[in-house]
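Trainee: What follows is the file data36.txt, containing compact mmCIF, N, CA and C atoms:
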```txt
# COMPACT_ATOMS: atom_id res chain seq x y z
N MET A 1491 113.32 101.86 104.60
CA MET A 1491 112.59 101.86 103.34
C MET A 1491 113.08 103.02 102.49
N HIS A 1492 113.18 102.76 101.22
CA HIS A 1492 113.58 103.79 100.27
C HIS A 1492 112.55 103.82 99.14
N ALA A 1493 112.04 104.99 98.84
CA ALA A 1493 111.09 105.14 97.74
C ALA A 1493 111.87 105.32 96.44
N VAL A 1494 111.40 104.64 95.41
CA VAL A 1494 112.05 104.69 94.09
C VAL A 1494 111.04 105.16 93.07
N VAL A 1495 111.46 106.12 92.25
CA VAL A 1495 110.60 106.65 91.19
C VAL A 1495 111.07 106.11 89.85
N ASP A 1496 110.16 105.51 89.10
CA ASP A 1496 110.45 105.06 87.73
C ASP A 1496 110.28 106.27 86.82
N LYS A 1497 111.40 106.85 86.40
CA LYS A 1497 111.34 108.08 85.60
C LYS A 1497 110.74 107.85 84.21
N ASN A 1498 110.75 106.61 83.73
CA ASN A 1498 110.13 106.32 82.44
C ASN A 1498 108.61 106.36 82.53
N THR A 1499 108.08 106.12 83.72
CA THR A 1499 106.64 106.12 83.93
C THR A 1499 106.14 107.46 84.46
N CYS A 1500 106.96 108.15 85.24
CA CYS A 1500 106.57 109.41 85.88
C CYS A 1500 106.12 110.45 84.84
N ILE A 1501 105.02 111.15 85.17
CA ILE A 1501 104.52 112.21 84.29
C ILE A 1501 104.81 113.59 84.88
N GLY A 1502 105.48 113.63 86.03
CA GLY A 1502 105.85 114.90 86.63
C GLY A 1502 104.70 115.71 87.17
N CYS A 1503 103.67 115.05 87.66
CA CYS A 1503 102.50 115.79 88.17
C CYS A 1503 102.82 116.57 89.45
N GLY A 1504 103.82 116.13 90.21
CA GLY A 1504 104.25 116.85 91.40
C GLY A 1504 103.52 116.50 92.68
N LEU A 1505 102.61 115.54 92.63
CA LEU A 1505 101.87 115.15 93.83
C LEU A 1505 102.81 114.69 94.93
N CYS A 1506 103.79 113.88 94.60
CA CYS A 1506 104.70 113.37 95.63
C CYS A 1506 105.56 114.49 96.22
N ALA A 1507 106.07 115.37 95.37
CA ALA A 1507 106.92 116.46 95.85
C ALA A 1507 106.16 117.44 96.72
N SER A 1508 104.89 117.64 96.42
CA SER A 1508 104.10 118.55 97.25
C SER A 1508 103.63 117.87 98.53
N THR A 1509 103.43 116.56 98.49
CA THR A 1509 102.99 115.82 99.67
C THR A 1509 104.13 115.58 100.65
N GLU A 1510 105.31 115.21 100.13
CA GLU A 1510 106.45 114.90 101.00
C GLU A 1510 107.74 115.50 100.42
N PRO A 1511 107.91 116.82 100.58
CA PRO A 1511 109.09 117.49 100.00
C PRO A 1511 110.42 117.13 100.67
N ASP A 1512 110.37 116.43 101.80
CA ASP A 1512 111.61 115.99 102.44
C ASP A 1512 112.16 114.72 101.79
N VAL A 1513 111.39 114.10 100.90
CA VAL A 1513 111.82 112.87 100.23
C VAL A 1513 111.82 113.01 98.71
N PHE A 1514 110.84 113.74 98.17
CA PHE A 1514 110.69 113.84 96.72
C PHE A 1514 110.88 115.27 96.24
N LYS A 1515 111.39 115.40 95.03
CA LYS A 1515 111.47 116.70 94.36
C LYS A 1515 111.31 116.47 92.87
N ILE A 1516 111.00 117.55 92.17
CA ILE A 1516 110.94 117.50 90.71
C ILE A 1516 112.30 117.93 90.20
N ASP A 1517 112.90 117.07 89.41
CA ASP A 1517 114.25 117.30 88.90
C ASP A 1517 114.22 118.23 87.69
N ASP A 1518 115.39 118.56 87.18
CA ASP A 1518 115.50 119.47 86.03
C ASP A 1518 114.79 118.94 84.79
N ASP A 1519 114.61 117.62 84.70
CA ASP A 1519 113.93 117.04 83.54
C ASP A 1519 112.40 117.01 83.71
N GLY A 1520 111.92 117.59 84.82
CA GLY A 1520 110.47 117.65 85.04
C GLY A 1520 109.87 116.39 85.61
N LYS A 1521 110.70 115.46 86.02
CA LYS A 1521 110.23 114.20 86.59
C LYS A 1521 110.57 114.16 88.08
N ALA A 1522 109.82 113.38 88.82
CA ALA A 1522 110.07 113.24 90.25
C ALA A 1522 111.31 112.39 90.50
N VAL A 1523 111.95 112.68 91.62
CA VAL A 1523 113.09 111.89 92.08
C VAL A 1523 113.01 111.78 93.59
N SER A 1524 113.39 110.63 94.11
CA SER A 1524 113.48 110.43 95.55
C SER A 1524 114.93 110.70 95.94
N PHE A 1525 115.14 111.64 96.86
CA PHE A 1525 116.51 112.03 97.19
C PHE A 1525 116.88 111.77 98.64
N ALA A 1526 115.96 111.20 99.41
CA ALA A 1526 116.24 110.95 100.83
C ALA A 1526 115.55 109.66 101.26
N GLU A 1527 116.08 109.06 102.29
CA GLU A 1527 115.49 107.85 102.86
C GLU A 1527 114.19 108.19 103.59
N THR A 1528 113.30 107.23 103.62
CA THR A 1528 112.08 107.37 104.39
C THR A 1528 112.41 107.17 105.87
N THR A 1529 111.83 108.01 106.70
CA THR A 1529 112.03 107.90 108.14
C THR A 1529 110.71 107.50 108.81
N GLU A 1530 110.77 107.21 110.08
CA GLU A 1530 109.54 106.90 110.81
C GLU A 1530 108.59 108.08 110.79
N GLU A 1531 109.14 109.30 110.81
CA GLU A 1531 108.31 110.50 110.84
C GLU A 1531 107.56 110.74 109.53
N ASN A 1532 108.14 110.36 108.39
CA ASN A 1532 107.48 110.64 107.11
C ASN A 1532 106.99 109.38 106.39
N LYS A 1533 107.08 108.24 107.06
CA LYS A 1533 106.69 106.98 106.43
C LYS A 1533 105.25 107.00 105.91
N ASP A 1534 104.33 107.51 106.71
CA ASP A 1534 102.91 107.54 106.29
C ASP A 1534 102.70 108.40 105.06
N SER A 1535 103.35 109.55 105.00
CA SER A 1535 103.16 110.42 103.83
C SER A 1535 103.84 109.84 102.59
N VAL A 1536 104.95 109.14 102.76
CA VAL A 1536 105.59 108.48 101.61
C VAL A 1536 104.68 107.38 101.08
N GLU A 1537 104.07 106.62 101.98
CA GLU A 1537 103.13 105.59 101.55
C GLU A 1537 101.93 106.21 100.84
N THR A 1538 101.50 107.39 101.29
CA THR A 1538 100.43 108.11 100.61
C THR A 1538 100.86 108.47 99.19
N CYS A 1539 102.10 108.89 99.02
CA CYS A 1539 102.63 109.21 97.69
C CYS A 1539 102.64 107.99 96.80
N ILE A 1540 103.09 106.86 97.35
CA ILE A 1540 103.15 105.62 96.56
C ILE A 1540 101.75 105.23 96.11
N GLU A 1541 100.80 105.26 97.04
CA GLU A 1541 99.42 104.87 96.72
C GLU A 1541 98.71 105.89 95.83
N GLY A 1542 99.09 107.17 95.94
CA GLY A 1542 98.39 108.22 95.21
C GLY A 1542 98.97 108.57 93.86
N CYS A 1543 100.12 108.03 93.53
CA CYS A 1543 100.73 108.35 92.23
C CYS A 1543 99.77 107.93 91.11
N PRO A 1544 99.38 108.86 90.26
CA PRO A 1544 98.37 108.55 89.24
C PRO A 1544 98.82 107.54 88.18
N VAL A 1545 100.13 107.34 88.05
CA VAL A 1545 100.63 106.39 87.06
C VAL A 1545 101.43 105.25 87.69
N ASN A 1546 101.35 105.14 89.03
CA ASN A 1546 102.04 104.08 89.76
C ASN A 1546 103.54 104.04 89.46
N ALA A 1547 104.16 105.21 89.46
CA ALA A 1547 105.59 105.32 89.15
C ALA A 1547 106.48 105.18 90.38
N ILE A 1548 105.89 105.10 91.56
CA ILE A 1548 106.68 105.04 92.78
C ILE A 1548 106.47 103.70 93.47
N HIS A 1549 107.58 103.10 93.91
CA HIS A 1549 107.49 101.89 94.72
C HIS A 1549 108.54 101.97 95.83
N SER A 1550 108.46 101.07 96.78
CA SER A 1550 109.41 101.10 97.88
C SER A 1550 110.32 99.87 97.82
N GLU A 1551 111.53 100.07 98.31
CA GLU A 1551 112.50 99.00 98.45
C GLU A 1551 112.99 99.04 99.88
N ASP A 1552 113.15 97.88 100.46
CA ASP A 1552 113.67 97.82 101.84
C ASP A 1552 115.17 97.82 101.87
```
As C-alpha cells, please, write out the structure in this file.
Mentor:
Amino acid sequence: MHAVVDKNTCIGCGLCASTEPDVFKIDDDGKAVSFAETTEENKDSVETCIEGCPVNAIHSED
C-alpha cells in the first residue's frame, strides 16, 4: 500500500507528519507529502492518518 497526498487539497496541518513521520513529511511548500511505502509495522498509523485528515487529502493505492 502506498499513501498518496493530494497537494491541491492539503492544508498543511501536519497531522499526518506528526502521526507517522516515517511515511509523511511537510515539504518546502508547506504541504504534506508521502515519501515512503507503508509497511506492516506502520499500516495502522497510516490508516489513522487517512481517516483523520481534516480535508480528506490522503488516500491509499495498492
Trainee: From chain A, collect each residue whose DSSP state is strand (DSSP E or B) and return the set as a list of chain:residue names.
Mentor: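 Residues of chain A classed as strand (DSSP E or B): A:His1492, A:Ala1493, A:Val1494, A:Val1495, A:Phe1514, A:Lys1515, A:Ile1516, A:Ala1522, A:Val1523, A:Ser1524, A:Ile1548, A:His1549, A:Ser1550, A:Glu1551.
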Trainee: Could you pull out the alpha helix (DSSP H) residues of chain A from DSSP and send them as an NGL selection string?
Mentor: :A and (1505-1509 or 1533-1542)
Trainee: Identify, on the basis of all atoms listed in the file, every residue whose closest approach to Ala1493 of chain A does not exceed 6 Å; exclude the query and any residue fewer than 3 positions from it along the same chain; express the result as a ChimeraX atom specification.
Mentor: /A:1524,1528,1549-1551
Trainee: Could you tell me how far atom CA of Asp1512 of chain A sits from atom N of Cys1543 of chain A, in Å to one decimal place?
Mentor: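 If I compute the distance from atom N of Cys1543 of chain A to atom CA of Asp1512 of chain A, I get 16.6 Å.
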Trainee: If you measure from atom C of Asp1518 of chain A to atom CA of Ile1548 of chain A, what distance in Å do you get, rounded to one decimal?
Mentor: 18.0 Å
Trainee: Please return, as a list of chain:residue names, all polymer residues that have at least one atom within 6.5 Å of the point (114.1, 109.0, 96.3); use only N, CA and C atoms and the file's own coordinate frame.
Mentor: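 Applying the cut-off with only N, CA and C atoms, one gets A:His1492, A:Ala1493, A:Val1494, A:Val1495, A:Val1513, A:Phe1514, A:Val1523, A:Ser1524, A:Phe1525, A:Ala1526, A:Glu1527.
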Trainee: Give me, as a list in words, all polymer residues having an atom no more than 7 Å from Cys1500 of chain A, counting all atoms listed in the file and skipping those fewer than 2 positions away in the same chain.
Mentor: Val1495, Asp1496, Lys1497, Asn1498, Gly1502, Cys1503, Lys1521, Ala1522, Val1545, Asn1546 and Ala1547 of chain A
Trainee: What does the distance between atom C of Asp1552 of chain A and atom CA of Gly1520 of chain A come to in Å, to one decimal place?
Mentor: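 Going from atom C of Asp1552 of chain A over to atom CA of Gly1520 of chain A, I get 26.4 Å.
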Trainee: Find, counting only C-alpha atoms, the residue in A:Thr1499, A:Gly1504, A:Thr1509, A:Asp1519 that gets nearest to Val1536 of chain A.
Mentor: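 Using only C-alpha atoms, Val1536 of chain A sits closest to A:Thr1509.
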